[in-house]
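Asks: What follows is coords19.cif, made up of mmCIF, C-alpha atoms (C1' of nucleotides):
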data_protein
loop_
_atom_site.group_PDB
_atom_site.id
_atom_site.type_symbol
_atom_site.label_atom_id
_atom_site.label_comp_id
_atom_site.auth_asym_id
_atom_site.auth_seq_id
_atom_site.Cartn_x
_atom_site.Cartn_y
_atom_site.Cartn_z
ATOM 1 C CA MET A 1 108.745 62.707 109.667
ATOM 2 C CA LEU A 2 108.430 65.211 112.481
ATOM 3 C CA LYS A 3 110.395 68.442 112.337
ATOM 4 C CA LEU A 4 111.030 70.021 115.739
ATOM 5 C CA ALA A 5 112.696 73.434 116.068
ATOM 6 C CA SER A 6 113.748 75.946 118.713
ATOM 7 C CA TRP A 7 114.343 79.652 118.098
ATOM 8 C CA ASN A 8 115.104 82.593 120.355
ATOM 9 C CA VAL A 9 113.355 85.303 118.322
ATOM 10 C CA ASN A 10 114.218 88.328 120.506
ATOM 11 C CA SER A 11 110.722 89.849 120.273
ATOM 12 C CA LEU A 12 107.970 88.030 118.392
ATOM 13 C CA LYS A 13 106.349 91.368 117.538
ATOM 14 C CA ILE A 14 109.389 92.444 115.520
ATOM 15 C CA ARG A 15 110.077 88.981 114.092
ATOM 16 C CA LEU A 16 106.564 87.622 113.377
ATOM 17 C CA GLU A 17 106.807 87.745 109.569
ATOM 18 C CA GLN A 18 110.264 86.130 109.673
ATOM 19 C CA VAL A 19 108.953 83.342 111.905
ATOM 20 C CA LEU A 20 105.942 82.689 109.663
ATOM 21 C CA ASP A 21 108.109 82.723 106.523
ATOM 22 C CA TRP A 22 110.582 80.342 108.129
ATOM 23 C CA MET A 23 107.806 77.955 109.218
ATOM 24 C CA ASP A 24 106.355 77.968 105.684
ATOM 25 C CA LYS A 25 109.780 77.396 104.131
ATOM 26 C CA THR A 26 110.830 74.575 106.438
ATOM 27 C CA ASN A 27 107.377 73.013 106.931
ATOM 28 C CA ILE A 28 108.066 72.730 110.639
ATOM 29 C CA ASP A 29 105.727 70.640 112.823
ATOM 30 C CA ILE A 30 106.666 71.946 116.259
ATOM 31 C CA LEU A 31 108.401 75.260 117.001
ATOM 32 C CA ALA A 32 109.523 76.309 120.479
ATOM 33 C CA LEU A 33 110.121 80.049 120.852
ATOM 34 C CA GLN A 34 112.035 82.001 123.461
ATOM 35 C CA GLU A 35 112.166 85.736 124.215
ATOM 36 C CA THR A 36 108.741 86.420 122.759
ATOM 37 C CA LYS A 37 108.719 89.586 124.902
ATOM 38 C CA THR A 38 104.954 89.889 124.827
ATOM 39 C CA ILE A 39 102.138 89.582 127.323
ATOM 40 C CA ASP A 40 99.678 86.769 126.602
ATOM 41 C CA ASP A 41 96.883 89.199 125.661
ATOM 42 C CA ASN A 42 99.016 90.496 122.788
ATOM 43 C CA PHE A 43 100.230 87.139 121.453
ATOM 44 C CA PRO A 44 99.566 86.946 117.675
ATOM 45 C CA VAL A 45 97.445 83.794 117.966
ATOM 46 C CA ALA A 46 95.542 84.171 114.683
ATOM 47 C CA ALA A 47 98.706 84.323 112.560
ATOM 48 C CA PHE A 48 99.454 80.753 113.624
ATOM 49 C CA THR A 49 95.960 79.267 113.900
ATOM 50 C CA GLU A 50 95.199 80.510 110.357
ATOM 51 C CA ARG A 51 98.077 78.314 109.216
ATOM 52 C CA GLY A 52 96.680 75.270 110.969
ATOM 53 C CA TYR A 53 98.813 75.438 114.096
ATOM 54 C CA GLN A 54 97.810 75.180 117.735
ATOM 55 C CA LEU A 55 99.771 76.940 120.426
ATOM 56 C CA CYS A 56 100.464 77.621 124.033
ATOM 57 C CA PHE A 57 102.506 80.421 125.550
ATOM 58 C CA ALA A 58 103.677 82.000 128.784
ATOM 59 C CA GLY A 59 104.598 85.640 128.433
ATOM 60 C CA GLN A 60 105.259 88.813 130.377
ATOM 61 C CA LYS A 61 105.805 92.453 129.600
ATOM 62 C CA THR A 62 109.126 93.496 128.003
ATOM 63 C CA PHE A 63 111.258 90.462 128.911
ATOM 64 C CA ASN A 64 111.496 86.668 128.523
ATOM 65 C CA GLY A 65 108.418 84.747 127.322
ATOM 66 C CA VAL A 66 108.160 81.258 125.797
ATOM 67 C CA ALA A 67 105.741 79.640 123.351
ATOM 68 C CA ILE A 68 105.136 76.322 121.589
ATOM 69 C CA ILE A 69 103.515 76.252 118.157
ATOM 70 C CA SER A 70 102.407 72.825 116.939
ATOM 71 C CA ARG A 71 100.432 71.116 114.191
ATOM 72 C CA GLN A 72 99.292 68.520 116.740
ATOM 73 C CA PRO A 73 97.308 69.110 119.948
ATOM 74 C CA LEU A 74 99.149 70.291 123.036
ATOM 75 C CA ALA A 75 98.378 68.324 126.209
ATOM 76 C CA ASN A 76 99.470 68.601 129.845
ATOM 77 C CA ILE A 77 100.837 72.169 129.663
ATOM 78 C CA ILE A 78 103.113 73.347 132.476
ATOM 79 C CA THR A 79 104.544 76.853 133.025
ATOM 80 C CA ASP A 80 105.765 76.551 136.615
ATOM 81 C CA ILE A 81 107.732 73.905 138.472
ATOM 82 C CA PRO A 82 108.163 72.866 142.119
ATOM 83 C CA ASP A 83 110.548 74.842 144.363
ATOM 84 C CA LEU A 84 110.925 77.699 141.881
ATOM 85 C CA ASP A 85 108.566 80.565 142.618
ATOM 86 C CA ASP A 86 109.597 82.708 139.676
ATOM 87 C CA PRO A 87 107.619 85.504 137.999
ATOM 88 C CA GLN A 88 109.953 85.308 134.977
ATOM 89 C CA ARG A 89 108.300 83.348 132.143
ATOM 90 C CA ARG A 90 111.031 80.968 130.995
ATOM 91 C CA ILE A 91 109.513 77.470 131.147
ATOM 92 C CA LEU A 92 106.855 75.812 129.004
ATOM 93 C CA ALA A 93 106.262 72.063 128.800
ATOM 94 C CA SER A 94 103.656 70.175 126.816
ATOM 95 C CA THR A 95 103.032 66.691 125.461
ATOM 96 C CA ILE A 96 102.609 66.575 121.673
ATOM 97 C CA ALA A 97 102.168 63.456 119.540
ATOM 98 C CA GLY A 98 103.476 61.315 122.365
ATOM 99 C CA VAL A 99 106.570 63.457 122.859
ATOM 100 C CA ARG A 100 107.082 65.375 126.096
ATOM 101 C CA LEU A 101 108.559 68.738 125.060
ATOM 102 C CA ILE A 102 110.238 71.046 127.557
ATOM 103 C CA ASN A 103 110.976 74.523 126.194
ATOM 104 C CA LEU A 104 113.478 76.575 128.219
ATOM 105 C CA TYR A 105 114.774 80.111 128.161
ATOM 106 C CA VAL A 106 117.662 79.684 130.573
ATOM 107 C CA PRO A 107 118.727 82.939 132.317
ATOM 108 C CA ASN A 108 121.716 84.676 130.741
ATOM 109 C CA GLY A 109 123.563 85.158 134.013
ATOM 110 C CA SER A 110 125.093 88.547 133.184
ATOM 111 C CA GLU A 111 128.513 88.066 134.828
ATOM 112 C CA VAL A 112 130.053 85.230 136.828
ATOM 113 C CA ASN A 113 129.171 85.530 140.535
ATOM 114 C CA SER A 114 126.685 88.338 139.927
ATOM 115 C CA GLU A 115 123.221 88.153 141.447
ATOM 116 C CA LYS A 116 121.845 87.116 138.030
ATOM 117 C CA TYR A 117 124.486 84.389 137.749
ATOM 118 C CA LEU A 118 123.485 82.910 141.102
ATOM 119 C CA TYR A 119 119.849 83.079 139.998
ATOM 120 C CA LYS A 120 120.852 81.196 136.819
ATOM 121 C CA LEU A 121 122.598 78.395 138.725
ATOM 122 C CA ASN A 122 119.698 78.001 141.162
ATOM 123 C CA TRP A 123 117.235 78.051 138.251
ATOM 124 C CA LEU A 124 119.231 75.326 136.486
ATOM 125 C CA GLU A 125 119.285 73.227 139.652
ATOM 126 C CA LYS A 126 115.510 73.399 140.093
ATOM 127 C CA VAL A 127 114.811 72.835 136.393
ATOM 128 C CA SER A 128 117.172 69.846 136.372
ATOM 129 C CA ALA A 129 115.227 68.278 139.223
ATOM 130 C CA PHE A 130 112.005 68.905 137.307
ATOM 131 C CA ILE A 131 113.462 67.289 134.167
ATOM 132 C CA ALA A 132 114.707 64.283 136.151
ATOM 133 C CA ASN A 133 111.165 63.820 137.396
ATOM 134 C CA GLU A 134 109.656 64.226 133.918
ATOM 135 C CA LEU A 135 112.073 61.590 132.595
ATOM 136 C CA ARG A 136 110.585 59.079 135.020
ATOM 137 C CA GLU A 137 107.160 59.609 133.443
ATOM 138 C CA HIS A 138 107.969 60.137 129.755
ATOM 139 C CA GLU A 139 110.058 57.846 127.562
ATOM 140 C CA HIS A 140 109.991 60.199 124.562
ATOM 141 C CA LEU A 141 111.227 63.536 125.853
ATOM 142 C CA ALA A 142 112.982 66.536 124.314
ATOM 143 C CA VAL A 143 114.460 69.519 126.134
ATOM 144 C CA VAL A 144 114.939 72.441 123.766
ATOM 145 C CA GLY A 145 115.640 76.130 123.957
ATOM 146 C CA ASP A 146 118.139 78.874 124.596
ATOM 147 C CA PHE A 147 120.328 77.287 127.279
ATOM 148 C CA ASN A 148 122.726 80.248 127.470
ATOM 149 C CA ILE A 149 125.494 77.639 127.920
ATOM 150 C CA ALA A 150 128.130 76.649 125.358
ATOM 151 C CA PRO A 151 128.819 73.046 126.423
ATOM 152 C CA GLU A 152 132.335 72.596 125.004
ATOM 153 C CA ASP A 153 135.208 74.747 123.794
ATOM 154 C CA CYS A 154 134.382 73.712 120.218
ATOM 155 C CA ASP A 155 131.092 75.555 120.720
ATOM 156 C CA VAL A 156 132.948 78.843 121.259
ATOM 157 C CA HIS A 157 134.566 80.987 118.544
ATOM 158 C CA ASP A 158 137.489 81.974 120.773
ATOM 159 C CA PRO A 159 137.718 79.680 123.815
ATOM 160 C CA ALA A 160 140.745 81.474 125.254
ATOM 161 C CA ALA A 161 139.010 84.856 125.197
ATOM 162 C CA TRP A 162 135.860 83.361 126.747
ATOM 163 C CA GLU A 163 137.517 81.168 129.377
ATOM 164 C CA GLY A 164 135.722 81.441 132.706
ATOM 165 C CA SER A 165 133.126 83.884 131.377
ATOM 166 C CA VAL A 166 129.398 83.636 131.747
ATOM 167 C CA LEU A 167 127.908 81.153 129.204
ATOM 168 C CA VAL A 168 131.033 78.941 129.421
ATOM 169 C CA SER A 169 132.006 78.904 133.129
ATOM 170 C CA PRO A 170 132.544 75.472 134.732
ATOM 171 C CA PRO A 171 129.469 75.623 137.005
ATOM 172 C CA GLU A 172 127.250 76.369 133.995
ATOM 173 C CA ARG A 173 128.837 73.579 131.965
ATOM 174 C CA GLU A 174 128.409 71.226 134.929
ATOM 175 C CA ALA A 175 124.708 72.085 134.984
ATOM 176 C CA PHE A 176 124.515 71.187 131.292
ATOM 177 C CA ALA A 177 126.487 67.978 131.863
ATOM 178 C CA ARG A 178 124.060 67.052 134.638
ATOM 179 C CA LEU A 179 121.268 66.952 132.065
ATOM 180 C CA LEU A 180 123.373 64.681 129.861
ATOM 181 C CA SER A 181 124.026 62.466 132.887
ATOM 182 C CA TYR A 182 120.283 61.769 132.984
ATOM 183 C CA GLY A 183 120.671 60.108 129.576
ATOM 184 C CA LEU A 184 119.728 63.102 127.425
ATOM 185 C CA LYS A 185 121.861 63.542 124.299
ATOM 186 C CA ASP A 186 122.937 66.774 122.587
ATOM 187 C CA SER A 187 121.328 66.067 119.183
ATOM 188 C CA PHE A 188 123.799 68.297 117.326
ATOM 189 C CA ARG A 189 126.690 66.017 118.271
ATOM 190 C CA LEU A 190 124.952 62.866 117.067
ATOM 191 C CA PHE A 191 126.108 63.739 113.551
ATOM 192 C CA PRO A 192 129.316 64.832 111.846
ATOM 193 C CA GLN A 193 129.291 68.632 111.828
ATOM 194 C CA GLU A 194 131.442 71.280 110.268
ATOM 195 C CA ALA A 195 133.697 73.123 112.705
ATOM 196 C CA ARG A 196 132.814 76.546 114.117
ATOM 197 C CA GLN A 197 129.039 76.238 113.954
ATOM 198 C CA PHE A 198 127.223 78.535 116.354
ATOM 199 C CA SER A 199 123.628 79.496 117.146
ATOM 200 C CA TRP A 200 124.114 82.991 118.583
ATOM 201 C CA TRP A 201 126.216 85.932 117.481
ATOM 202 C CA ASP A 202 126.441 89.265 119.283
ATOM 203 C CA TYR A 203 124.792 92.096 117.342
ATOM 204 C CA ARG A 204 127.827 94.207 118.175
ATOM 205 C CA ALA A 205 131.217 94.426 116.513
ATOM 206 C CA LEU A 206 130.179 92.534 113.360
ATOM 207 C CA GLY A 207 129.850 89.339 115.388
ATOM 208 C CA PHE A 208 127.933 87.452 112.712
ATOM 209 C CA ARG A 209 129.995 88.585 109.737
ATOM 210 C CA ARG A 210 133.131 87.447 111.530
ATOM 211 C CA ASN A 211 131.417 84.276 112.818
ATOM 212 C CA ARG A 212 132.265 85.248 116.373
ATOM 213 C CA GLY A 213 129.525 83.163 117.940
ATOM 214 C CA LEU A 214 128.597 80.550 120.517
ATOM 215 C CA ARG A 215 126.467 77.412 120.269
ATOM 216 C CA ILE A 216 124.058 77.992 123.150
ATOM 217 C CA ASP A 217 120.739 76.824 121.649
ATOM 218 C CA HIS A 218 120.188 73.089 121.946
ATOM 219 C CA VAL A 219 117.884 70.154 121.312
ATOM 220 C CA LEU A 220 118.422 67.395 123.891
ATOM 221 C CA LEU A 221 116.777 64.024 123.271
ATOM 222 C CA THR A 222 116.102 60.843 125.193
ATOM 223 C CA GLN A 223 117.557 57.666 123.681
ATOM 224 C CA SER A 224 114.209 56.667 122.156
ATOM 225 C CA LEU A 225 114.227 59.908 120.139
ATOM 226 C CA VAL A 226 117.948 59.667 119.398
ATOM 227 C CA ASP A 227 117.180 56.313 117.770
ATOM 228 C CA CYS A 228 114.846 57.993 115.277
ATOM 229 C CA CYS A 229 116.752 61.292 114.875
ATOM 230 C CA LEU A 230 117.767 61.735 111.215
ATOM 231 C CA SER A 231 119.451 65.137 111.406
ATOM 232 C CA SER A 232 120.222 68.071 113.696
ATOM 233 C CA LYS A 233 120.965 71.444 112.177
ATOM 234 C CA ILE A 234 121.416 75.143 112.773
ATOM 235 C CA ASP A 235 119.754 77.328 110.146
ATOM 236 C CA LYS A 236 122.341 80.038 109.766
ATOM 237 C CA ASP A 237 120.408 81.488 106.811
ATOM 238 C CA ALA A 238 117.796 82.877 109.186
ATOM 239 C CA ARG A 239 120.517 84.930 110.900
ATOM 240 C CA ARG A 240 121.377 86.515 107.521
ATOM 241 C CA ALA A 241 117.911 88.066 107.213
ATOM 242 C CA GLU A 242 117.337 91.775 107.331
ATOM 243 C CA ARG A 243 116.741 92.794 110.954
ATOM 244 C CA PRO A 244 117.432 89.288 112.300
ATOM 245 C CA SER A 245 117.246 87.840 115.774
ATOM 246 C CA ASP A 246 120.695 87.445 117.294
ATOM 247 C CA HIS A 247 119.954 83.668 117.442
ATOM 248 C CA ALA A 248 119.524 81.190 114.583
ATOM 249 C CA PRO A 249 116.870 78.445 114.755
ATOM 250 C CA VAL A 250 118.059 74.942 115.625
ATOM 251 C CA TRP A 251 116.068 71.900 114.562
ATOM 252 C CA VAL A 252 115.900 68.128 114.301
ATOM 253 C CA GLU A 253 114.134 65.709 111.983
ATOM 254 C CA LEU A 254 112.632 62.748 113.794
ATOM 255 C CA ASP A 255 111.538 59.635 111.913
ATOM 256 C CA ILE A 256 108.190 59.364 113.662
ATOM 257 C CA LEU A 257 104.710 60.357 112.524
ATOM 258 C CA PRO A 258 103.719 63.838 113.683
ATOM 259 C "C1'" DA B 1 139.814 98.025 117.997
ATOM 260 C "C1'" DT B 2 138.320 96.705 125.328
ATOM 261 C "C1'" DG B 3 134.274 99.212 121.307
ATOM 262 C "C1'" DG B 4 130.003 98.008 119.236
ATOM 263 C "C1'" DT B 5 123.898 96.853 118.215
ATOM 264 C "C1'" DG B 6 119.243 95.856 119.004
ATOM 265 C "C1'" DG B 7 114.888 95.370 121.830
ATOM 266 C "C1'" DT B 8 111.636 97.413 125.033
ATOM 267 C "C1'" DC B 9 104.716 100.772 126.702
ATOM 268 C "C1'" DT B 10 112.996 103.046 126.515
ATOM 269 C "C1'" DT B 11 115.496 107.984 127.985
ATOM 270 C "C1'" DA B 12 117.809 102.575 131.717
ATOM 271 C "C1'" DC B 13 117.947 97.961 131.397
ATOM 272 C "C1'" DC B 14 118.719 93.582 129.360
ATOM 273 C "C1'" DA B 15 121.182 90.655 126.228
#
Once you've parsed the file, please lay out its structure as structure tokens.

Replies:
Amino acid sequence: MLKLASWNVNSLKIRLEQVLDWMDKTNIDILALQETKTIDDNFPVAAFTERGYQLCFAGQKTFNGVAIISRQPLANIITDIPDLDDPQRRILASTIAGVRLINLYVPNGSEVNSEKYLYKLNWLEKVSAFIANELREHEHLAVVGDFNIAPEDCDVHDPAAWEGSVLVSPPEREAFARLLSYGLKDSFRLFPQEARQFSWWDYRALGFRRNRGLRIDHVLLTQSLVDCCLSSKIDKDARRAERPSDHAPVWVELDILP
DNA sequence: ATGGTGGTCTTACCA
């Protein structure tokens, strides 16, 4: 059994104890983090290596930042991709236990047609091309992270209120669908799920208490991993913690040896 | 109820 998780922690410095507690509780094998918000020199390496994990990370000051924490060795690490000269640290890929893992912190996009939105769409285009290329080389591949896209209306607490907005706009959903067209599957939808399950809730206006959320954090799997995927869940409990991230962790159990 | 909270080498910005 291999447990693979993704979590936007919104500052690893603030959330380190929560992350360590959650890893202990769930006995996770591989954890992909987004929004670590720390430069590499300040990454809390020892906290993870003391627990028997290995890690890789790509950070910057104040914003963004991605990391992969793994019980197994991390090979073939990539932080930058062709045709995207981007100082923002949002991409981290590594091969672990025969699985190619691509960890993404997709840009938020701010508002439809804003400069940040256009950056998001271009970023998604270049990353899609990179993933298409990776799929040619790796049979067992997972794309995980904060996609900042709610793929379907059932992933949105109030689809009418959100219609056309950033995170749900048709061009963003088309970019997500393009990944599925490569044969990747949204692991969450492989299983029967209760309605109104989300992975992110705005800190403001009692968003979590009222379950006014979106499902924007995803684990996409190639068919070979779908075939051994036993479950796909969102751990809403982590969002109930004191001083939580605005995102909950999402994770899959794969019936392969770690 | 068109606001609100939380994070950052903050006093503006990002989400």

Asks: Record the distance separating CA of Leu220 in chain A and CA of Val143 in chain A, expressed in Å with one decimal.

Replies: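 Calculated distance between CA of Leu220 in chain A and CA of Val143 in chain A is 5.0 Å.
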
Asks: Considering all atoms listed in the file, state which residue in the set A:Val66, A:Val19, A:Ile234, A:Ile216 is at the smallest distance from Pro151 in chain A.

Replies: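 That would be A:Ile216, the residue with the smallest distance to Pro151 in chain A.
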
Asks: Got a sec to check which residues sit within 10 Å of (132.5, 102.3, 120.4), counting all atoms listed in the file, and write them as a list of chain:residue names?

Replies: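 Here the neighbourhood of the point contains A:Arg204, A:Ala205, B:DA1, B:DT2, B:DG3, B:DG4.
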
Asks: Pull out every residue that the PyMOL selection byres ((chain A) within 9 of (chain B)) matches in the shown coordinates and put them as a PDB file with C-alpha atoms, in the frame of the given file.

Replies:
ATOM      1  CA  ASN A  10     114.218  88.328 120.506  1.00  0.00           C
ATOM      2  CA  SER A  11     110.722  89.849 120.273  1.00  0.00           C
ATOM      3  CA  ILE A  14     109.389  92.444 115.520  1.00  0.00           C
ATOM      4  CA  LYS A  37     108.719  89.586 124.902  1.00  0.00           C
ATOM      5  CA  LYS A  61     105.805  92.453 129.600  1.00  0.00           C
ATOM      6  CA  THR A  62     109.126  93.496 128.003  1.00  0.00           C
ATOM      7  CA  PHE A  63     111.258  90.462 128.911  1.00  0.00           C
ATOM      8  CA  ASN A 108     121.716  84.676 130.741  1.00  0.00           C
ATOM      9  CA  SER A 110     125.093  88.547 133.184  1.00  0.00           C
ATOM     10  CA  ASP A 202     126.441  89.265 119.283  1.00  0.00           C
ATOM     11  CA  TYR A 203     124.792  92.096 117.342  1.00  0.00           C
ATOM     12  CA  ARG A 204     127.827  94.207 118.175  1.00  0.00           C
ATOM     13  CA  ALA A 205     131.217  94.426 116.513  1.00  0.00           C
ATOM     14  CA  LEU A 206     130.179  92.534 113.360  1.00  0.00           C
ATOM     15  CA  ARG A 243     116.741  92.794 110.954  1.00  0.00           C
ATOM     16  CA  SER A 245     117.246  87.840 115.774  1.00  0.00           C
ATOM     17  CA  ASP A 246     120.695  87.445 117.294  1.00  0.00           C
TER      18      ASP A 246
END

Asks: How many Å lie between CA of Gly213 in chain A and CA of Ile91 in chain A, rounded to one decimal?

Replies: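 These two atoms are separated by 24.6 Å.
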
Asks: Point out the residue among A:Leu167, A:Ile39, A:Met1, A:Ile81 with the least atom-to-atom distance to Val106 in chain A, counting all atoms listed in the file.

Replies: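 For Val106 in chain A, the nearest of the given residues is A:Leu167.
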
Asks: Can you take the partial range 185-196 of chain A, add N, CA, C and O atoms, and return it as a short mmCIF file (atom, residue, chain, number, x, y, z; two decimals), keeping the file's coordinate frame?

Replies:
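Final file, part-v6.cif:
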data_model
loop_
_atom_site.label_atom_id
_atom_site.label_comp_id
_atom_site.auth_asym_id
_atom_site.auth_seq_id
_atom_site.Cartn_x
_atom_site.Cartn_y
_atom_site.Cartn_z
N LYS A 185 120.75 63.38 125.24
CA LYS A 185 121.86 63.54 124.30
C LYS A 185 121.73 64.88 123.57
O LYS A 185 120.63 65.29 123.20
N ASP A 186 122.87 65.54 123.38
CA ASP A 186 122.94 66.77 122.59
C ASP A 186 122.80 66.36 121.12
O ASP A 186 123.73 65.84 120.52
N SER A 187 121.61 66.61 120.52
CA SER A 187 121.33 66.07 119.18
C SER A 187 122.34 66.54 118.15
O SER A 187 122.67 65.80 117.22
N PHE A 188 122.86 67.75 118.32
CA PHE A 188 123.80 68.30 117.33
C PHE A 188 125.04 67.41 117.19
O PHE A 188 125.59 67.26 116.10
N ARG A 189 125.46 66.83 118.28
CA ARG A 189 126.69 66.02 118.27
C ARG A 189 126.45 64.55 117.93
O ARG A 189 127.37 63.72 118.01
N LEU A 190 125.21 64.23 117.54
CA LEU A 190 124.95 62.87 117.07
C LEU A 190 125.47 62.68 115.65
O LEU A 190 125.57 61.54 115.17
N PHE A 191 125.78 63.79 114.98
CA PHE A 191 126.11 63.74 113.55
C PHE A 191 127.43 64.45 113.31
O PHE A 191 127.82 65.33 114.09
N PRO A 192 128.12 64.07 112.20
CA PRO A 192 129.32 64.83 111.85
C PRO A 192 128.91 66.27 111.54
O PRO A 192 127.90 66.49 110.87
N GLN A 193 129.64 67.22 112.05
CA GLN A 193 129.29 68.63 111.83
C GLN A 193 130.54 69.39 111.40
O GLN A 193 131.64 69.06 111.82
N GLU A 194 130.33 70.40 110.59
CA GLU A 194 131.44 71.28 110.27
C GLU A 194 131.88 72.02 111.53
O GLU A 194 131.09 72.23 112.44
N ALA A 195 133.17 72.39 111.55
CA ALA A 195 133.70 73.12 112.70
C ALA A 195 133.11 74.53 112.75
O ALA A 195 132.60 75.03 111.76
N ARG A 196 133.18 75.14 113.92
CA ARG A 196 132.81 76.55 114.12
C ARG A 196 131.37 76.83 113.69
O ARG A 196 131.09 77.76 112.93
#
